[in-house]
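J.: Dropping in my_file-v4.cif, which is mmCIF, C-alpha atoms (C1' of nucleotides):
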```cif
data_entry
loop_
_atom_site.label_atom_id
_atom_site.label_comp_id
_atom_site.auth_asym_id
_atom_site.auth_seq_id
_atom_site.Cartn_x
_atom_site.Cartn_y
_atom_site.Cartn_z
CA MET A 245 190.87 -27.14 229.15
CA HIS A 246 194.28 -26.44 230.58
CA CYS A 247 192.45 -23.49 232.08
CA LEU A 248 191.41 -25.85 234.86
CA GLU A 249 194.96 -26.33 236.06
CA ASN A 250 197.31 -23.95 237.84
CA ASP A 251 196.15 -21.33 240.23
CA THR A 252 197.46 -18.29 238.46
CA THR A 253 194.75 -15.85 239.36
CA THR A 254 196.41 -13.41 237.04
CA GLY A 255 194.73 -12.13 234.03
CA ASP A 256 192.87 -14.99 232.39
CA PRO A 257 189.14 -14.93 231.72
CA ILE A 258 186.78 -14.72 234.59
CA ASP A 259 185.02 -17.97 233.65
CA CYS A 260 188.23 -19.89 234.05
CA ARG A 261 189.06 -18.31 237.36
CA ILE A 262 185.67 -19.30 238.67
CA LEU A 263 185.92 -22.84 237.33
CA ARG A 264 189.39 -23.34 238.71
CA ALA A 265 188.49 -22.01 242.11
CA ALA A 266 185.37 -24.14 242.25
CA LEU A 267 187.13 -27.30 241.13
CA ALA A 268 189.80 -26.92 243.78
CA LEU A 269 187.23 -26.31 246.49
CA PHE A 270 184.81 -29.03 245.38
CA VAL A 271 187.58 -31.60 245.34
CA ALA A 272 189.04 -30.51 248.66
CA ARG A 273 185.83 -30.23 250.66
CA GLY A 274 183.05 -31.72 248.57
CA PHE A 275 180.36 -29.83 246.71
CA HIS A 276 178.03 -29.32 249.63
CA ASN A 277 180.71 -27.99 251.92
CA VAL A 278 181.50 -25.17 249.54
CA SER A 279 179.36 -22.06 249.41
CA VAL A 280 179.01 -19.63 246.56
CA HIS A 281 180.80 -17.13 248.75
CA ASP A 282 183.78 -19.45 249.11
CA ILE A 283 184.09 -19.74 245.35
CA GLN A 284 183.56 -16.05 244.86
CA ARG A 285 186.26 -15.19 247.38
CA ARG A 286 188.80 -17.63 246.03
CA ALA A 287 188.20 -16.64 242.41
CA GLY A 288 188.43 -12.98 243.28
CA VAL A 289 185.11 -12.13 241.71
CA SER A 290 181.68 -11.19 243.02
CA VAL A 291 178.59 -13.23 243.65
CA GLY A 292 176.81 -11.47 240.83
CA SER A 293 179.39 -12.56 238.29
CA ILE A 294 178.97 -16.15 239.27
CA TYR A 295 175.24 -16.01 238.70
CA ASN A 296 175.78 -14.14 235.46
CA HIS A 297 178.14 -16.75 234.08
CA PHE A 298 176.86 -20.00 235.43
CA GLY A 299 173.50 -19.33 237.01
CA GLY A 300 174.64 -20.63 240.38
CA LYS A 301 176.73 -23.25 242.09
CA GLU A 302 175.09 -26.12 240.33
CA GLY A 303 175.76 -24.47 236.99
CA ILE A 304 179.45 -24.38 237.80
CA ALA A 305 179.44 -28.05 238.70
CA ARG A 306 177.73 -28.84 235.41
CA ALA A 307 180.23 -26.83 233.40
CA LEU A 308 183.07 -28.56 235.21
CA TYR A 309 181.53 -31.92 234.52
CA ALA A 310 181.37 -31.17 230.82
CA GLN A 311 184.93 -29.90 230.60
CA VAL A 312 186.30 -32.79 232.53
CA LEU A 313 184.50 -35.34 230.39
CA GLN A 314 185.86 -33.65 227.32
CA GLN A 315 189.37 -34.11 228.65
CA MET A 316 188.75 -37.78 229.28
CA GLU A 317 187.23 -38.17 225.87
CA ALA A 318 190.33 -36.71 224.23
CA LEU A 319 192.56 -38.94 226.32
CA VAL A 320 190.68 -42.11 225.40
CA ALA A 321 190.55 -41.13 221.74
CA GLU A 322 194.30 -40.62 221.72
CA ALA A 323 194.97 -43.90 223.48
CA LEU A 324 192.69 -45.94 221.25
CA ALA A 325 193.89 -44.28 218.06
CA GLY A 326 196.12 -47.19 217.05
CA SER A 327 194.71 -50.59 216.25
CA ASP A 328 196.61 -52.37 219.00
CA LEU A 329 194.59 -52.50 222.23
CA ARG A 330 197.54 -53.63 224.25
CA ALA A 331 199.54 -50.57 223.25
CA GLY A 332 196.52 -48.36 223.79
CA HIS A 333 196.01 -49.76 227.25
CA ARG A 334 199.58 -48.93 228.11
CA VAL A 335 199.25 -45.38 226.88
CA LEU A 336 195.99 -44.84 228.72
CA VAL A 337 197.18 -46.15 232.06
CA GLY A 338 200.41 -44.18 231.70
CA ARG A 339 198.46 -41.01 231.09
CA LEU A 340 196.05 -41.61 233.95
CA PHE A 341 198.95 -42.13 236.33
CA GLU A 342 200.63 -39.02 235.00
CA TRP A 343 197.49 -36.96 235.48
CA ALA A 344 197.04 -38.28 239.00
CA GLU A 345 200.24 -36.39 239.78
CA THR A 346 199.97 -33.34 237.57
CA ARG A 347 196.23 -32.78 237.47
CA PRO A 348 194.91 -34.36 240.65
CA ALA A 349 191.88 -32.08 240.88
CA LEU A 350 190.70 -33.13 237.45
CA MET A 351 191.19 -36.79 238.27
CA ALA A 352 189.47 -36.46 241.62
CA TYR A 353 186.47 -34.82 240.01
CA VAL A 354 186.22 -37.76 237.62
CA PHE A 355 187.00 -40.66 239.92
CA GLN A 356 185.99 -39.51 243.40
CA ALA A 357 183.11 -37.07 243.07
CA ARG A 358 179.57 -38.39 243.39
CA HIS A 359 177.97 -36.26 240.73
CA ARG A 360 174.54 -37.68 241.31
CA GLU A 361 174.51 -36.04 244.69
CA PHE A 362 174.60 -32.54 243.28
CA LEU A 363 173.70 -32.77 239.61
CA PRO A 364 170.13 -33.99 239.31
CA ASP A 365 169.38 -36.40 236.50
CA THR A 366 173.05 -36.96 235.76
CA PRO A 367 173.84 -40.54 234.81
CA PRO A 368 176.85 -42.13 236.52
CA ILE A 369 180.04 -40.83 234.96
CA CYS A 370 181.04 -44.33 233.89
CA SER A 371 178.14 -44.41 231.49
CA ALA A 372 179.53 -41.36 229.72
CA ALA A 373 181.07 -41.51 226.27
CA PRO A 374 184.75 -42.14 227.07
CA PHE A 375 183.98 -45.03 229.38
CA ARG A 376 181.48 -46.56 227.00
CA ARG A 377 184.06 -46.32 224.27
CA LEU A 378 186.55 -48.29 226.31
CA ARG A 379 184.10 -51.03 226.95
CA ASP A 380 183.10 -51.19 223.30
CA ARG A 381 186.73 -51.52 222.32
CA VAL A 382 187.11 -54.39 224.75
CA VAL A 383 184.15 -56.20 223.24
CA GLU A 384 185.66 -55.72 219.81
CA ALA A 385 189.01 -57.04 220.99
CA MET A 386 187.38 -60.11 222.48
CA ALA A 387 185.66 -60.83 219.20
CA CYS A 388 188.86 -60.81 217.19
CA GLY A 389 190.89 -62.85 219.65
CA GLU A 390 193.01 -59.95 220.87
CA LEU A 391 191.62 -60.58 224.36
CA CYS A 392 190.34 -63.62 226.18
CA ARG A 393 186.59 -64.19 225.89
CA GLY A 394 184.37 -63.40 228.82
CA ASP A 395 181.70 -61.16 230.18
CA PRO A 396 182.34 -57.65 228.85
CA TRP A 397 181.97 -56.01 232.25
CA VAL A 398 184.25 -58.50 233.94
CA VAL A 399 186.95 -58.25 231.31
CA THR A 400 186.80 -54.45 231.16
CA SER A 401 186.92 -54.19 234.93
CA THR A 402 189.88 -56.52 235.02
CA LEU A 403 191.76 -54.64 232.35
CA PHE A 404 191.32 -51.21 233.92
CA GLY A 405 190.30 -51.97 237.48
CA ASN A 406 193.73 -52.11 239.01
CA ALA A 407 194.81 -48.81 237.45
CA ILE A 408 191.63 -47.02 238.45
CA ARG A 409 191.89 -48.36 241.96
CA LEU A 410 195.48 -47.18 242.22
CA VAL A 411 194.49 -43.73 241.08
CA GLN A 412 191.78 -43.61 243.72
CA LEU A 413 194.14 -44.80 246.43
CA ARG A 414 196.74 -42.30 245.34
CA LEU A 415 194.25 -39.43 245.38
CA ASP A 416 193.14 -40.50 248.84
CA GLY A 417 196.72 -40.22 250.01
CA LEU A 418 197.14 -43.90 250.78
CA VAL A 419 199.72 -44.59 248.12
CA ASP A 420 202.55 -42.21 248.86
CA ALA A 421 204.79 -42.79 245.88
CA PRO A 422 204.03 -41.23 242.50
CA LEU A 423 202.18 -43.66 240.27
CA PRO A 424 204.04 -43.24 236.97
CA ALA A 425 206.90 -45.38 238.24
CA ARG A 426 204.41 -48.25 238.55
CA THR A 427 202.95 -47.99 235.08
CA GLU A 428 204.77 -50.93 233.51
CA GLU A 429 204.05 -53.23 236.42
CA THR A 430 200.39 -52.28 236.54
CA VAL A 431 199.94 -52.71 232.82
CA ALA A 432 201.77 -56.01 232.76
CA LEU A 433 199.67 -57.56 235.52
CA ALA A 434 196.42 -56.38 233.99
CA TRP A 435 197.33 -57.76 230.64
CA ARG A 436 198.39 -61.07 232.08
CA ALA A 437 194.84 -61.46 233.37
CA VAL A 438 193.07 -60.84 230.09
CA ALA A 439 195.55 -62.15 227.53
CA PRO A 440 193.93 -64.54 225.06
CA MET B 937 174.26 -55.80 262.35
CA HIS B 938 171.51 -57.43 260.37
CA CYS B 939 169.49 -54.64 261.90
CA LEU B 940 170.72 -52.48 259.02
CA GLU B 941 168.89 -54.54 256.45
CA ASN B 942 165.21 -54.90 255.69
CA ASP B 943 162.76 -52.12 256.14
CA THR B 944 160.47 -53.74 258.62
CA THR B 945 159.52 -50.71 260.63
CA THR B 946 157.74 -53.03 262.97
CA GLY B 947 158.77 -53.38 266.50
CA ASP B 948 162.53 -53.44 266.66
CA PRO B 949 164.59 -50.99 268.72
CA ILE B 950 164.42 -47.35 267.93
CA ASP B 951 168.18 -47.09 267.33
CA CYS B 952 167.96 -49.60 264.53
CA ARG B 953 164.99 -47.94 262.94
CA ILE B 954 166.88 -44.67 262.86
CA LEU B 955 170.03 -46.26 261.50
CA ARG B 956 168.21 -48.15 258.82
CA ALA B 957 166.22 -45.13 257.71
CA ALA B 958 169.34 -42.98 257.63
CA LEU B 959 171.38 -45.53 255.72
CA ALA B 960 168.73 -45.88 253.06
CA LEU B 961 168.41 -42.12 252.68
CA PHE B 962 172.14 -41.39 252.76
CA VAL B 963 172.80 -43.94 250.07
CA ALA B 964 169.92 -42.84 247.89
CA ARG B 965 170.44 -39.08 248.05
CA GLY B 966 173.79 -38.47 249.72
CA PHE B 967 174.37 -37.27 253.25
CA HIS B 968 173.91 -33.58 252.57
CA ASN B 969 170.66 -34.01 250.72
CA VAL B 970 169.07 -35.66 253.71
CA SER B 971 167.74 -33.60 256.59
CA VAL B 972 167.19 -34.71 260.14
CA HIS B 973 163.51 -34.32 259.47
CA ASP B 974 163.69 -36.74 256.55
CA ILE B 975 165.27 -39.37 258.75
CA GLN B 976 162.87 -38.72 261.57
CA ARG B 977 159.88 -39.06 259.28
CA ARG B 978 161.09 -42.24 257.63
CA ALA B 979 162.06 -43.87 260.89
CA GLY B 980 158.75 -42.94 262.47
CA VAL B 981 160.34 -41.25 265.45
CA SER B 982 160.72 -37.67 266.59
CA VAL B 983 163.56 -35.21 266.21
CA GLY B 984 164.19 -35.32 269.93
CA SER B 985 164.81 -39.07 269.86
CA ILE B 986 167.42 -38.68 267.18
CA TYR B 987 169.34 -36.16 269.23
CA ASN B 988 168.93 -38.29 272.32
CA HIS B 989 170.37 -41.36 270.66
CA PHE B 990 172.97 -40.03 268.30
CA GLY B 991 173.44 -36.36 269.06
CA GLY B 992 172.55 -35.35 265.55
CA LYS B 993 172.88 -36.27 261.91
CA GLU B 994 176.62 -36.56 262.01
CA GLY B 995 176.38 -38.89 264.97
CA ILE B 996 174.18 -41.20 262.95
CA ALA B 997 176.67 -41.21 260.11
CA ARG B 998 179.44 -42.07 262.54
CA ALA B 999 177.48 -44.91 264.08
CA LEU B 1000 176.72 -46.25 260.63
CA TYR B 1001 180.36 -46.02 259.68
CA ALA B 1002 181.37 -48.05 262.71
CA GLN B 1003 178.74 -50.74 262.14
CA VAL B 1004 179.54 -51.05 258.51
CA LEU B 1005 183.27 -51.37 259.13
CA GLN B 1006 182.55 -54.05 261.69
CA GLN B 1007 180.67 -56.01 259.05
CA MET B 1008 183.55 -55.71 256.64
CA GLU B 1009 185.98 -56.71 259.34
CA ALA B 1010 184.03 -59.87 260.05
CA LEU B 1011 183.83 -60.67 256.38
CA VAL B 1012 187.56 -60.28 255.83
CA ALA B 1013 188.37 -62.26 258.95
CA GLU B 1014 186.17 -65.10 257.74
CA ALA B 1015 187.67 -65.06 254.28
CA LEU B 1016 191.26 -64.99 255.47
CA ALA B 1017 190.70 -67.60 258.16
CA GLY B 1018 192.29 -70.41 256.15
CA SER B 1019 195.93 -70.35 255.18
CA ASP B 1020 195.26 -70.41 251.46
CA LEU B 1021 195.01 -66.90 250.03
CA ARG B 1022 193.63 -68.13 246.74
CA ALA B 1023 190.72 -69.79 248.49
CA GLY B 1024 190.23 -66.76 250.72
CA HIS B 1025 190.15 -64.48 247.73
CA ARG B 1026 187.45 -66.58 246.17
CA VAL B 1027 185.34 -66.52 249.33
CA LEU B 1028 185.77 -62.78 249.74
CA VAL B 1029 184.83 -61.85 246.19
CA GLY B 1030 181.90 -64.24 246.31
CA ARG B 1031 180.63 -62.63 249.47
CA LEU B 1032 181.10 -59.10 248.15
CA PHE B 1033 179.12 -59.97 245.04
CA GLU B 1034 176.45 -61.59 247.15
CA TRP B 1035 176.17 -58.54 249.38
CA ALA B 1036 175.97 -56.24 246.38
CA GLU B 1037 172.65 -57.95 245.71
CA THR B 1038 171.31 -58.61 249.17
CA ARG B 1039 172.75 -55.67 251.11
CA PRO B 1040 173.29 -52.96 248.53
CA ALA B 1041 172.92 -50.11 251.01
CA LEU B 1042 175.69 -51.46 253.17
CA MET B 1043 177.95 -51.92 250.18
CA ALA B 1044 177.16 -48.49 248.83
CA TYR B 1045 178.00 -46.90 252.16
CA VAL B 1046 181.36 -48.64 252.06
CA PHE B 1047 182.30 -48.28 248.43
CA GLN B 1048 180.48 -45.19 247.21
CA ALA B 1049 180.10 -42.77 250.09
CA ARG B 1050 182.71 -40.04 250.52
CA HIS B 1051 182.92 -40.12 254.30
CA ARG B 1052 185.47 -37.34 254.46
CA GLU B 1053 182.82 -34.97 253.19
CA PHE B 1054 180.64 -35.35 256.24
CA LEU B 1055 182.74 -36.97 258.96
CA PRO B 1056 185.53 -34.59 259.90
CA ASP B 1057 188.91 -36.11 260.58
CA THR B 1058 187.88 -39.48 259.23
CA PRO B 1059 190.65 -41.23 257.33
CA PRO B 1060 189.72 -42.76 253.97
CA ILE B 1061 187.82 -45.97 254.51
CA CYS B 1062 190.47 -47.96 252.68
CA SER B 1063 192.93 -47.22 255.44
CA ALA B 1064 190.62 -48.90 257.94
CA ALA B 1065 191.38 -52.22 259.54
CA PRO B 1066 189.78 -54.68 257.13
CA PHE B 1067 191.42 -53.12 254.10
CA ARG B 1068 194.81 -52.90 255.78
CA ARG B 1069 194.48 -56.52 256.73
CA LEU B 1070 193.96 -57.52 253.12
CA ARG B 1071 197.02 -55.65 252.00
CA ASP B 1072 199.11 -57.15 254.79
CA ARG B 1073 198.01 -60.60 253.76
CA VAL B 1074 199.06 -59.88 250.21
CA VAL B 1075 202.52 -58.78 251.34
CA GLU B 1076 202.81 -61.98 253.34
CA ALA B 1077 201.74 -64.07 250.38
CA MET B 1078 204.30 -62.38 248.15
CA ALA B 1079 207.03 -63.17 250.62
CA CYS B 1080 206.28 -66.88 250.69
CA GLY B 1081 205.87 -67.26 246.94
CA GLU B 1082 202.11 -67.70 247.03
CA LEU B 1083 201.83 -64.58 244.86
CA CYS B 1084 204.06 -62.97 242.29
CA ARG B 1085 206.44 -60.34 243.66
CA GLY B 1086 205.72 -56.70 243.08
CA ASP B 1087 204.71 -53.44 244.62
CA PRO B 1088 202.22 -54.18 247.40
CA TRP B 1089 199.75 -51.56 246.25
CA VAL B 1090 199.88 -52.68 242.65
CA VAL B 1091 199.45 -56.34 243.49
CA THR B 1092 196.65 -55.71 245.97
CA SER B 1093 194.85 -53.45 243.53
CA THR B 1094 195.18 -56.06 240.84
CA LEU B 1095 193.92 -58.86 243.03
CA PHE B 1096 190.82 -57.00 244.24
CA GLY B 1097 190.46 -54.14 241.78
CA ASN B 1098 188.27 -55.87 239.26
CA ALA B 1099 185.84 -57.15 241.90
CA ILE B 1100 185.58 -53.79 243.61
CA ARG B 1101 185.06 -52.04 240.31
CA LEU B 1102 182.31 -54.49 239.39
CA VAL B 1103 180.57 -53.88 242.68
CA GLN B 1104 180.70 -50.13 242.09
CA LEU B 1105 179.38 -50.47 238.55
CA ARG B 1106 176.64 -52.76 239.76
CA LEU B 1107 175.60 -50.36 242.51
CA ASP B 1108 175.55 -47.54 239.98
CA GLY B 1109 173.13 -49.55 237.88
CA LEU B 1110 175.46 -49.99 234.92
CA VAL B 1111 175.83 -53.73 235.25
CA ASP B 1112 172.33 -55.07 235.07
CA ALA B 1113 172.90 -58.73 235.80
CA PRO B 1114 173.44 -59.98 239.36
CA LEU B 1115 177.13 -60.29 240.13
CA PRO B 1116 177.25 -63.68 241.86
CA ALA B 1117 176.99 -65.46 238.51
CA ARG B 1118 180.30 -63.80 237.57
CA THR B 1119 182.22 -64.77 240.67
CA GLU B 1120 184.26 -67.61 239.19
CA GLU B 1121 185.20 -65.64 236.12
CA THR B 1122 186.20 -62.58 238.10
CA VAL B 1123 188.26 -64.58 240.55
CA ALA B 1124 189.96 -66.57 237.81
CA LEU B 1125 191.04 -63.49 235.86
CA ALA B 1126 192.33 -61.72 238.94
CA TRP B 1127 194.32 -64.71 240.01
CA ARG B 1128 195.79 -65.18 236.56
CA ALA B 1129 197.27 -61.72 236.90
CA VAL B 1130 198.99 -62.25 240.20
CA ALA B 1131 199.84 -65.93 240.12
CA PRO B 1132 203.49 -66.58 241.01
"C1'" DG C 1053 179.08 -7.05 232.98
"C1'" DT C 1054 180.38 -6.38 237.68
"C1'" DC C 1055 179.49 -5.28 242.17
"C1'" DT C 1056 177.10 -4.76 247.22
"C1'" DA C 1057 173.40 -5.27 250.15
"C1'" DT C 1058 169.47 -7.64 251.25
"C1'" DA C 1059 165.70 -11.13 251.54
"C1'" DC C 1060 164.05 -15.57 252.31
"C1'" DG C 1061 163.95 -20.56 252.98
"C1'" DC C 1062 165.81 -24.45 254.92
"C1'" DT C 1063 168.22 -27.11 258.32
"C1'" DG C 1064 170.46 -28.31 262.40
"C1'" DA C 1065 169.75 -27.87 267.01
"C1'" DT C 1066 167.36 -26.72 271.61
"C1'" DA C 1067 163.72 -25.98 275.20
"C1'" DG C 1068 160.44 -27.55 277.76
"C1'" DA C 1069 155.91 -30.22 278.32
"C1'" DC C 1070 154.46 -34.94 278.93
"C1'" DG D 827 162.86 -41.26 276.96
"C1'" DT D 828 159.80 -39.27 273.61
"C1'" DC D 829 157.52 -35.63 271.66
"C1'" DT D 830 156.20 -30.65 269.56
"C1'" DA D 831 157.19 -26.03 268.86
"C1'" DT D 832 160.55 -22.74 268.18
"C1'" DC D 833 165.04 -20.44 267.30
"C1'" DA D 834 169.24 -18.97 265.19
"C1'" DG D 835 172.48 -19.24 261.42
"C1'" DC D 836 173.80 -20.20 257.00
"C1'" DG D 837 173.59 -20.29 252.12
"C1'" DT D 838 171.23 -19.46 247.79
"C1'" DA D 839 169.49 -16.26 245.05
"C1'" DT D 840 167.87 -11.56 243.68
"C1'" DA D 841 167.52 -6.42 243.29
"C1'" DG D 842 169.30 -2.58 241.92
"C1'" DA D 843 173.32 0.81 241.72
"C1'" DC D 844 177.38 1.60 239.02
#
```
Please lay out the structure from this file as structure tokens.
T.:
Amino acid sequence: MHCLENDTTTGDPIDCRILRAALALFVARGFHNVSVHDIQRRAGVSVGSIYNHFGGKEGIARALYAQVLQQMEALVAEALAGSDLRAGHRVLVGRLFEWAETRPALMAYVFQARHREFLPDTPPICSAAPFRRLRDRVVEAMACGELCRGDPWVVTSTLFGNAIRLVQLRLDGLVDAPLPARTEETVALAWRAVAP
Amino acid sequence: MHCLENDTTTGDPIDCRILRAALALFVARGFHNVSVHDIQRRAGVSVGSIYNHFGGKEGIARALYAQVLQQMEALVAEALAGSDLRAGHRVLVGRLFEWAETRPALMAYVFQARHREFLPDTPPICSAAPFRRLRDRVVEAMACGELCRGDPWVVTSTLFGNAIRLVQLRLDGLVDAPLPARTEETVALAWRAVAP
DNA sequence: GTCTATACGCTGATAGAC
DNA sequence: GTCTATCAGCGTATAGAC
């Protein structure tokens, strides 16, 4: 939800205030360095409310995980809507780079957080629906000659690996220029690698 | 040190036993889900010894960080020893894939751990010497026509992004076949992208 | 539903004997 | 140098008033 972005503490539902506060803190300090009191204070609510709504800190993290995956799912669905993988790839990378600037907390929670360390029995995020969908699409594209043949993992990692890495480096503050200006270059190099 | 690998509790120095136990636990559960007592128990030493040798849990993490970076440094130095970047790239990826199988804990501590969450004032690991060295070498190679021109971050991420991503996916258990068999393919695709 | 005040467990860290 | 026993503080979670 867009309710995850912006820090307007004004007026919107208490759930969203809690989620936004928690996301910002989790991303900045890491889950275990954030206490319920920190979240409570930043969200401007009480401890009781947090337990009422989410059952605790872990519950918040779970809710965030779900929301964030939903966002990714929508993004991938949009990008893969057309039949042309090459065009879809361009759209997807463009959007990821855009989000790295405009929604860094969301992106960090997807690409930097180690969910297994605080959400028991959570499979790695890359085994979640949106990521599986990407890989499936790659396999399909290999079959119909839209992509070069090869091991599915290798080809998928090559197609998206440079963009994902750039997002991670950008979020870590190593890349100091906004990514969107590099979209075309990134996409072109990736495609050169996997062209049929 | 090779002292980080193998779980032979027998006989070797107490420092190494502690480091090995801690590395295994940190990687398996995450730094904050491991207590000093866990490490102490697994290493077969007492709490006092841990504080004597490392000053605490954080001290262990710092020592591990240093050792692990040293390993990476040696690896990169070896790979970049020759003048041919293409050959060096092949060696490096091959070694990373090999280590993902034989020294998974080391690799996980490098590529999965979020050091900023438990080591205050630690810059992101990718800004450390070995990683900087790689990027510098790429810039050099672009200048002398060994690589296509482009943004240094984009080209570096393209050259190594697929391999790094594969290592991460392998460590997360998503890729279920050993990586070394995919070395040639991975290297070939990456190079296709950045060839002059 | 929201809040405050409180309880309890765990963990990092120390003291002091050997 | 190594150990055991102990402490103090923090952080989660709950109880109970409003």
J.: Any idea what the distance is between CA of Arg1022 in chain B and CA of Val1090 in chain B?
T.: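 Separation of CA of Arg1022 in chain B and CA of Val1090 in chain B: 17.2 Å.
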J.: Quick one: pull the distance between CA of Asp256 in chain A and CA of Arg358 in chain A, Å, one decimal.
T.: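 Separation between CA of Asp256 in chain A and CA of Arg358 in chain A: 29.1 Å.
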J.: Kindly give the distance, in Å, that separates CA of Pro367 in chain A and CA of Leu418 in chain A, rounded to a single decimal.
T.: 28.4 Å
J.: Translate the PyMOL selection byres ((chain B and resi 1011-1013) around 9) into a concrete residue list for this structure, as an MDAnalysis selection string.
T.: chainID B and resid 1006:1010 1014:1017 1024 1028 1031:1032 1066:1067 1069:1070
J.: Apply the PyMOL selection byres ((chain B and resi 998-1002) around 9) to the displayed file and report the matching residues as an mmCIF file with C-alpha atoms, keeping the file's coordinate frame.
T.:
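The result, written out as selection34.cif:
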```
data_model
loop_
_atom_site.group_PDB
_atom_site.id
_atom_site.type_symbol
_atom_site.label_atom_id
_atom_site.label_comp_id
_atom_site.auth_asym_id
_atom_site.auth_seq_id
_atom_site.Cartn_x
_atom_site.Cartn_y
_atom_site.Cartn_z
ATOM 1 C CA LEU B 940 170.720 -52.480 259.020
ATOM 2 C CA LEU B 955 170.030 -46.260 261.500
ATOM 3 C CA ARG B 956 168.210 -48.150 258.820
ATOM 4 C CA ALA B 958 169.340 -42.980 257.630
ATOM 5 C CA LEU B 959 171.380 -45.530 255.720
ATOM 6 C CA PHE B 990 172.970 -40.030 268.300
ATOM 7 C CA LYS B 993 172.880 -36.270 261.910
ATOM 8 C CA GLU B 994 176.620 -36.560 262.010
ATOM 9 C CA GLY B 995 176.380 -38.890 264.970
ATOM 10 C CA ILE B 996 174.180 -41.200 262.950
ATOM 11 C CA ALA B 997 176.670 -41.210 260.110
ATOM 12 C CA GLN B 1003 178.740 -50.740 262.140
ATOM 13 C CA VAL B 1004 179.540 -51.050 258.510
ATOM 14 C CA LEU B 1005 183.270 -51.370 259.130
ATOM 15 C CA GLN B 1006 182.550 -54.050 261.690
ATOM 16 C CA GLN B 1007 180.670 -56.010 259.050
ATOM 17 C CA TYR B 1045 178.000 -46.900 252.160
ATOM 18 C CA VAL B 1046 181.360 -48.640 252.060
ATOM 19 C CA HIS B 1051 182.920 -40.120 254.300
ATOM 20 C CA LEU B 1055 182.740 -36.970 258.960
#
```
J.: Using all atoms listed in the file, give me every residue within 12 Å of (190.3, -51.4, 233.5) in file coordinates, as JSON, numbers by chain.
T.: {"A": [330, 332, 333, 334, 336, 337, 340, 370, 375, 376, 378, 379, 381, 382, 396, 397, 398, 399, 400, 401, 402, 403, 404, 405, 406, 407, 408, 409, 410, 411, 430, 431, 433, 434, 435, 437, 438], "B": [1093, 1094, 1097, 1098, 1099, 1100, 1101, 1102, 1126]}
